[in-house]
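This report concerns only the one structure given below.
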Number of protein chains: 2
Amino acid sequence: MSRPKRATIVDVARMAEVSAKTVSRVVNNEPHVTEAVKTRVHEAMRALRYHPNVAAQGLVRSRSYLIGLVYEKPSPSYVVELQKGALERLHGERFRLVVLPVESVTEREEEIIALLRSAALDAVLLAPPASDNAALMRELREGGMPFARISPTRLLGNGPSVAMDDVAAAQEAAEHLISLGHRRIGVIKGDPSHAAADARLVGTMQALTKAGITLHPELIESGLFTFDSGLAAARRLLALNPPPTAILAQNDDMAAATIAAARECGLHVPEDLSVVGFDDSDISRVVWPPLTTIRQPVEDMAYRAMDMLLHVLKGEPEGGDIHLAHELLIRRSTAPPRAN
Amino acid sequence: MSRPKRATIVDVARMAEVSAKTVSRVVNNEPHVTEAVKTRVHEAMRALRYHPNVAAQGLVRSRSYLIGLVYEKPSPSYVVELQKGALERLHGERFRLVVLPVESVTEREEEIIALLRSAALDAVLLAPPASDNAALMRELREGGMPFARISPTRLLGNGPSVAMDDVAAAQEAAEHLISLGHRRIGVIKGDPSHAAADARLVGTMQALTKAGITLHPELIESGLFTFDSGLAAARRLLALNPPPTAILAQNDDMAAATIAAARECGLHVPEDLSVVGFDDSDISRVVWPPLTTIRQPVEDMAYRAMDMLLHVLKGEPEGGDIHLAHELLIRRSTAPPRAN
DNA sequence: CCTCGTGCTGGGAACGTTTCCCCATTTCTA
DNA sequence: TAGAAATGGGGAAACGTTCCCAGCACGAGG
C-alpha cells in the first residue's frame with residue numbers, strides 16, 4: 001500500500017491549486033477554509049487516493065498514534081476480551097493497538113520499560129498484574145507516558161483505572177456457598193503475583209468470618225490461574241480428610257480443572273462437590289456442569305479504560321478510579337451439600 | 001517515555017564529539033567506524049538514554065516498522081496462539097505487531113483495504129479466511145505491500161504461506177472413526193466462508209468413499225466454528241433417526257458443544273457417541289472426556305509465516321508454500337460403537 | 001477616503017533521521 | 001614508488017507533515 005510512491009500533500013495541493021498548508025487544514029478539519037476550497041481539496045484527495053503519511057505527522061507532532069496493551073500470559077479468553085474492548089473503543093480513531101505480552105519470569109521491570117521506550121508508544125493500557133506495579137507506573141509518569149489501569153487492586157488514585165470490586169465479589173460467591181449450607185469450603189488462589197488473588201481471598205474470609213466459620217489453612221491452595229495448576233491444587237484439596245464439600249476457585253480455568261479433578265475421584269458435581277469460578281469466561285459455559293461464577297465485565301473494562309486514555313491524549317484532565325458492577329451467575333455447579 | 005524532550009542524535013553526537021552521521025552508523029551497525037569511536041558513542045547513548053526516534057527513521061526510510069495481523073473473530077485460543085507465534089518471531093526485531101480483527105459481516109474487502117492503507121503497515125500476516133481472499137491479495141500486491149498467508153486452502157503459489165494439509169488431516173480423523181467400526185458418521189462443518197471447512201469435508205468424504213460408505217446429506221450440518229453454532233448443529237444431528245454413532249466436528253469448540261448436546265440427550269461419550277474435534281486447542285483438554293482431535297500447530301505456523309515475512313522485508317526473495325505436519329491425537333472421546 | 005479588524009491563504013522553518021556526495025588519510029597492488 | 005582502492009569521517013539535502021508568522025483582500029466605522 002505504500003511502495004509505489006504514494007501521493008503526497010503537495011500533489012494534492014498542486015491539483016487543487018492551493019497551498020500545502022491549506023490541504024493540511026482541510027485534512028485536519030481546521031477552520032479558516034472556504035467551502036469551495038474545501039470541496040476542491042477533497043476531490044483532489046479522492047482522485048489521488050491521498051492518505052496522510054502517519055510517520056511524517058508523528059514526527060512533527062511527536063505522536064506515534066500507537067497505544068500499547070501490556071498484559072501477562074493470562075487465560076486466552078481474558079486476553080481476547082481485553083483486546084476486543086480496547087479495539088472497539090479505538091474504532092474510528094486514528095490510534096492503533098500494539099500488543100505487548102510480557103513474561104513475568106524473564107522480563108523484569110526495566111526490560112518492560114525498555115520495551116515501552118523503544119516501542120514509541122503514545123500511551124499504554126496496563127492489565128493485571130502490570131496494573132499493580134508501582135515501579136512501572138512511576139517510570140511511566142516520570143517518562144510522561146499516559147497510562148490507564150485495568151483491574152488494579154491497590155494504589156488507587158494513581159491514574160485513571162477501571163476495576164470491579166474483587167473483595168465484594170468473592171464475598172458474594174462465598175456467601176452463596178454458605179447459604180447453600182456449606183461449612184467446609186476449599187479455596188484455590190490464583191497467581192500470587194496478581195494482587196487480585198489476595199483481594200479475592202480477603203472477600204472469601206470476610207464472608208466466612210461473618211458466618212462464624214474459621215478457614216483452616218489446609219483448605220487454602222495456590223494455583224497460577226491456569227488449568228493445570230488448578231488441577232494440581234484441586235487434587236490436593238480433595239485428598240484431605242475430610243475433603244471440602246465446596247471449592248471456590250479464583251478463576252474459571254481453575255474451576256474447570258476442579259471439576260475434572262472431582263471426576264477423577266469419582267465425585268459428582270454438584271451433588272458431592274460444589275464448584276464456584278470467577279470471570280464468566282467462555283470456559284464456564286463449555287464445561288459440564290456449567291459453572292456458577294462471578295461475571296467480570298472484562299470487555300467493558302477495557303473499553304472504558306481505553307476511553308479514559310483517549311481523553312488524556314486529547315489533553316483533558318485525567319479521570320479517576322471507576323468501578324464496574326460484577327454479578328453472581330448461579331448455574332449448575334453448585335448445590336447444597338449431601339446430608340451425611 | 002517521550003514528552004520530556006528525549007535526547008536526539010545530535011545530542012549524542014555532541015557528547016561523543018563526532019558527527020550525527022557517525023552516530024547513525026553506530027546505531028545501525030554499519031562499517032566505517034573505529035572501535036574507539038564506537039564505544040565512545042555507545043557510552044554517550046547510554047548516558048543520555050538515547051533511543052532513536054522511530055517516526056523519523058520511518059519517515060526517511062519509508063518504513064513504519066509495523067506489521068499487521070488480520071484475522072476474523074475465530075475462537076479465542078486460536079487468536080492467542082496466532083499472536084503468540086507471531087510475537088515470538090518478532091522478539092528482538094524492531095517491528096511491532098498491530099492487531100486488526102475484522103468483522104466479515106460489516107466490513108467488506110474495500111473497508112479492509114482502506115483499514116490497511118490508513119494503518120501505514122510495512123506488511124501483513126493474513127489468517128483465515130483473509131488468507132484465501134483473492135481480491136484482498138490482489139490489492140495488496142498492487143499496493144506493493146508484502147504479505148504472508150496462514151492456513152490458505154487454495155490459490156497457492158500466490159505469495160509465501162504456511163499451512164497444514166486439511167484434507168489429509170480430516171481423512172485421517174475419519175479413518176480413525178471408521179477403523180473403530182463406525183458407519184453412520186455425522187459431520188459438523190465450520191463457517192462456510194472459511195475454505196478450510198470445505199477442505200476438511202473433502203477429506204472426510206475421501207475416507208468414507210474409500211471405505212465404501214456413502215455420506216447421506218442429512219448427516220452434514222453447518223456451524224460457524226463457535227460453541228453455540230456447534231450446539232445447534234449437534235442437536236439437529238442427534239435428532240435424526242437413527243442418530244449417528246460418531247460426529248466429526250471441524251473444530252474443538254463445536255466438538256465440545258457436541259459433547260454438551262449429547263449429555264442433554266442422555267447419551268454418554270464415548271460409549272453412545274464418539275466425538276472428534278480439530279485444532280487441539282485448550283478446550284480439547286478442558287472438557288470431559290478430553291477430545292480426540294487433530295493437532296494443528298497454529299503457533300508454529302504463525303511463527304514461520306512471520307519469519308517468511310521478515311525475509312521479504314529484508315529484500316530477500318519471496319518464499320513459497322510451506323506445509324507443516326498435523327497429528328491425530330487419540331484421547332477419550334472416541335470408542336467403538338455400541339453393538340446393537 | 002483612510003484605518004482597522006477579521007477571515008482566508010501562503011512562505012518558510014521546523015521535527016529527527018538517513019543518504020548522497022564529498023574529502024582526507026591509510027593500506028594494498030603492481 | 002606511484003597509483004588505486006579502501007577506510008573513517010563530515011556537510012547538506014531529503015522524507016512529508018505541521019506550525020509560526022506575515023500578507024492580502026474585504027467590509028465596516030469614523
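Residues in the C-alpha cells are named by chain (A, B, ... in the order shown) and by number from 1 within that chain; ligands are numbered from 1 in the order shown.
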>> Could you go through segment 184-263 of chain A and tell me which residues DSSP, when run on the backbone, assigns to alpha helix (DSSP H), listing them as a ChimeraX atom specification?
In response: /A:195-210,227-238,252-263
With only C-alpha atoms (C1' of nucleotides) as the counted atoms, please give the residues lying no more than 6 Å from segment 15-19 of chain C, apart from itself and same-chain residues fewer than 3 positions off, as a PDB file with N, CA and C atoms, in the first residue's frame.
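Output below, filename selection_21.pdb:
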```
ATOM      1  N   LEU A  59       6.115  12.574  13.346  1.00  0.00           N
ATOM      2  CA  LEU A  59       7.386  13.257  13.581  1.00  0.00           C
ATOM      3  C   LEU A  59       7.173  14.685  14.056  1.00  0.00           C
ATOM      4  N   VAL A  60       6.339  15.398  13.346  1.00  0.00           N
ATOM      5  CA  VAL A  60       6.183  16.812  13.677  1.00  0.00           C
ATOM      6  C   VAL A  60       5.318  17.024  14.914  1.00  0.00           C
TER       7      VAL A  60
ATOM      8  N   ALA B  56      10.930   9.348  12.889  1.00  0.00           N
ATOM      9  CA  ALA B  56      11.893   9.977  11.981  1.00  0.00           C
ATOM     10  C   ALA B  56      12.561   8.936  11.091  1.00  0.00           C
ATOM     11  N   GLN B  57      12.943   7.833  11.695  1.00  0.00           N
ATOM     12  CA  GLN B  57      13.516   6.754  10.894  1.00  0.00           C
ATOM     13  C   GLN B  57      12.536   6.306   9.830  1.00  0.00           C
TER      14      GLN B  57
END
```
>> Which residues are close to segment 217-219 of chain A, i.e. within 12 Å by only C-alpha atoms (C1' of nucleotides), leaving aside same-chain residues fewer than 6 positions away? Reply as a list in words.
In response: Arg183, Arg184, Ile185, Gly186, Val187, Ile188, Lys189, Leu201, Met205, Ala233, Ala234, Arg235, Arg236, Leu237, Leu238, Ala239, Leu240, Asn241, Pro242, Pro243, Pro244, Thr245, Ala246, Ile247, Leu248 and Ala249 of chain A
Which chain D residues have any atom within 10 Å of an atom of chain A, and for each, what is the nearest pair of atoms with distance in Å to one decimal, counting only C-alpha atoms (C1' of nucleotides), rows sorted by chain and number, as a Markdown table?
```
| residue | atom | partner | partner_atom | distance |
| --- | --- | --- | --- | --- |
| D:DC15 | C1' | A:Ala56 | CA | 7.9 |
| D:DG16 | C1' | A:Ala56 | CA | 5.1 |
| D:DT17 | C1' | A:Ala56 | CA | 5.0 |
| D:DT18 | C1' | A:Val60 | CA | 6.1 |
| D:DC19 | C1' | A:Val60 | CA | 9.2 |
```
Produce a table with one row for each residue of chain B that has an atom at most 7 Å from any atom of chain A, each row naming the nearest atom pair and its distance in Å at one decimal; use only C-alpha atoms; arrange rows by chain and rising residue number; format as a Markdown table.
```
| residue | atom | partner | partner_atom | distance |
| --- | --- | --- | --- | --- |
| B:Met1 | CA | A:Gly143 | CA | 3.9 |
| B:Ser2 | CA | A:Gly143 | CA | 6.2 |
| B:Arg3 | CA | A:Gly144 | CA | 5.4 |
| B:Pro4 | CA | A:Gly144 | CA | 6.5 |
| B:His51 | CA | A:Ser118 | CA | 6.5 |
| B:Val54 | CA | A:Ala120 | CA | 6.7 |
| B:Ala55 | CA | A:Ala55 | CA | 5.0 |
| B:Ala56 | CA | A:Leu59 | CA | 5.8 |
| B:Gly58 | CA | A:Ala55 | CA | 6.1 |
| B:Leu59 | CA | A:Ala55 | CA | 5.3 |
| B:Ser64 | CA | A:Ala55 | CA | 6.9 |
| B:Pro76 | CA | A:Ser77 | CA | 5.5 |
| B:Ser77 | CA | A:Pro76 | CA | 5.5 |
| B:Val80 | CA | A:Pro76 | CA | 5.9 |
| B:Arg96 | CA | A:Val98 | CA | 6.8 |
| B:Leu97 | CA | A:Val98 | CA | 5.6 |
| B:Val98 | CA | A:Val98 | CA | 4.7 |
| B:Val99 | CA | A:Leu97 | CA | 6.4 |
| B:Arg117 | CA | A:Met1 | CA | 5.7 |
| B:Ser118 | CA | A:His51 | CA | 6.7 |
| B:Ala120 | CA | A:Val54 | CA | 6.7 |
| B:Leu140 | CA | A:Met1 | CA | 6.4 |
| B:Gly143 | CA | A:Met1 | CA | 3.9 |
| B:Gly144 | CA | A:Arg3 | CA | 5.4 |
| B:Met145 | CA | A:Met1 | CA | 5.1 |
| B:Ala256 | CA | A:Val286 | CA | 6.8 |
| B:Val286 | CA | A:Ala256 | CA | 6.8 |
| B:Val287 | CA | A:Val287 | CA | 5.5 |
```
> Which polymer residues have any atom within 9 Å of an atom of DA6 of chain D, counting only C-alpha atoms (C1' of nucleotides), with same-chain residues fewer than 3 positions away left out, as a list of chain:residue names?
Replying inline: C:DT26, C:DT27, C:DC28
>> DSSP on the backbone: which residues in segment 184-251 of chain B end up as strand (DSSP E or B)? Give the answer as a PyMOL selection string.
In response: chain B and resi 185-189+220-222+246-249
> Thr39 of chain B: which residues within 12 Å, counting only C-alpha atoms (C1' of nucleotides), same-chain residues fewer than 3 positions away excluded, as a list in words?
Replying inline: Ala16, Val18, Thr22, Val23, Val26, Val27, Val33, Thr34, Glu35, Ala36, His42, Glu43, Ala44, Met45 and Arg46 of chain B
Would you export the selected residues with all heavy atoms as a compact mmCIF listing (two decimals), in the first residue's frame, please?
```txt
# COMPACT_ATOMS: atom_id res chain seq x y z
N ALA B 16 29.68 12.74 22.25
CA ALA B 16 30.74 11.81 21.86
C ALA B 16 31.77 12.48 20.96
O ALA B 16 32.74 11.84 20.54
CB ALA B 16 30.14 10.60 21.16
N VAL B 18 31.57 13.53 17.83
CA VAL B 18 31.60 13.05 16.45
C VAL B 18 30.42 13.70 15.72
O VAL B 18 29.71 14.52 16.31
CB VAL B 18 31.44 11.52 16.38
CG1 VAL B 18 32.65 10.81 16.94
CG2 VAL B 18 30.17 11.09 17.10
N THR B 22 27.96 9.80 12.04
CA THR B 22 28.70 8.70 12.64
C THR B 22 27.85 7.97 13.68
O THR B 22 27.85 6.74 13.74
CB THR B 22 29.98 9.23 13.30
OG1 THR B 22 30.71 9.97 12.32
CG2 THR B 22 30.83 8.11 13.82
N VAL B 23 27.13 8.75 14.47
CA VAL B 23 26.25 8.12 15.45
C VAL B 23 25.27 7.20 14.74
O VAL B 23 25.04 6.06 15.15
CB VAL B 23 25.50 9.19 16.25
CG1 VAL B 23 24.52 8.53 17.20
CG2 VAL B 23 26.46 10.07 17.01
N VAL B 26 26.82 4.01 13.91
CA VAL B 26 26.97 3.13 15.07
C VAL B 26 25.63 2.47 15.40
O VAL B 26 25.55 1.26 15.61
CB VAL B 26 27.49 3.91 16.28
CG1 VAL B 26 27.46 3.04 17.52
CG2 VAL B 26 28.89 4.43 16.01
N VAL B 27 24.60 3.30 15.45
CA VAL B 27 23.28 2.78 15.79
C VAL B 27 22.88 1.65 14.85
O VAL B 27 22.33 0.64 15.27
CB VAL B 27 22.23 3.90 15.74
CG1 VAL B 27 20.83 3.34 15.87
CG2 VAL B 27 22.49 4.91 16.84
N VAL B 33 33.55 2.59 11.05
CA VAL B 33 33.65 3.27 12.35
C VAL B 33 34.71 2.55 13.17
O VAL B 33 34.71 1.31 13.27
CB VAL B 33 32.31 3.22 13.11
CG1 VAL B 33 32.42 4.04 14.38
CG2 VAL B 33 31.18 3.72 12.25
N THR B 34 35.62 3.29 13.75
CA THR B 34 36.66 2.68 14.59
C THR B 34 36.04 2.17 15.88
O THR B 34 35.03 2.69 16.36
CB THR B 34 37.72 3.72 14.98
OG1 THR B 34 37.53 4.88 14.20
CG2 THR B 34 39.11 3.19 14.81
N GLU B 35 36.66 1.19 16.46
CA GLU B 35 36.17 0.65 17.72
C GLU B 35 36.11 1.74 18.78
O GLU B 35 35.14 1.83 19.52
CB GLU B 35 37.07 -0.48 18.19
CG GLU B 35 36.71 -1.86 17.61
CD GLU B 35 35.24 -2.19 17.80
OE1 GLU B 35 34.70 -1.96 18.89
OE2 GLU B 35 34.60 -2.66 16.84
N ALA B 36 37.16 2.53 18.82
CA ALA B 36 37.22 3.58 19.84
C ALA B 36 36.01 4.51 19.73
O ALA B 36 35.33 4.79 20.72
CB ALA B 36 38.51 4.38 19.68
N HIS B 42 28.60 4.67 22.10
CA HIS B 42 27.73 3.84 22.94
C HIS B 42 27.60 4.40 24.34
O HIS B 42 26.51 4.41 24.92
CB HIS B 42 28.28 2.40 22.99
CG HIS B 42 27.78 1.56 21.86
ND1 HIS B 42 28.60 0.81 21.05
CD2 HIS B 42 26.53 1.36 21.38
CE1 HIS B 42 27.88 0.19 20.14
NE2 HIS B 42 26.62 0.51 20.31
N GLU B 43 28.71 4.88 24.87
CA GLU B 43 28.65 5.47 26.20
C GLU B 43 27.73 6.68 26.24
O GLU B 43 26.90 6.83 27.12
CB GLU B 43 30.06 5.88 26.64
CG GLU B 43 30.82 4.75 27.31
CD GLU B 43 32.29 5.12 27.44
OE1 GLU B 43 32.58 6.34 27.46
OE2 GLU B 43 33.13 4.20 27.50
N ALA B 44 27.90 7.52 25.25
CA ALA B 44 27.06 8.72 25.20
C ALA B 44 25.59 8.33 25.09
O ALA B 44 24.72 8.92 25.73
CB ALA B 44 27.46 9.59 24.01
N MET B 45 25.31 7.32 24.29
CA MET B 45 23.93 6.88 24.13
C MET B 45 23.35 6.43 25.46
O MET B 45 22.23 6.77 25.82
CB MET B 45 23.87 5.72 23.12
CG MET B 45 23.87 6.19 21.68
SD MET B 45 24.07 4.83 20.49
CE MET B 45 23.00 3.58 21.16
N ARG B 46 24.15 5.65 26.18
CA ARG B 46 23.66 5.16 27.46
C ARG B 46 23.46 6.31 28.43
O ARG B 46 22.45 6.41 29.11
CB ARG B 46 24.64 4.13 28.03
CG ARG B 46 23.97 3.23 29.04
CD ARG B 46 24.50 1.80 29.02
NE ARG B 46 25.37 1.52 27.88
CZ ARG B 46 26.70 1.53 27.95
NH1 ARG B 46 27.30 1.82 29.08
NH2 ARG B 46 27.40 1.20 26.89
```
>> Should the cut-off be 7 Å, what would the residue list for chain C against chain A look like, counting only C-alpha atoms (C1' of nucleotides), as an MDAnalysis selection string?
In response: chainID C and resid 7:8 10 15
>> Please list as a PyMOL selection string every residue within 12 Å of Arg304 of chain A, counting only C-alpha atoms (C1' of nucleotides) and excluding residues in the same chain fewer than 5 positions away.
In response: chain A and resi 82+84-90+125+148-151+160-163+297-299+309-311+319-324
>> To one decimal place in Å, what is the distance between atom CA of Ala199 of chain B and atom CA of Leu224 of chain B?
In response: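 Answer for the atom CA of Ala199 of chain B to atom CA of Leu224 of chain B separation: 15.1 Å.
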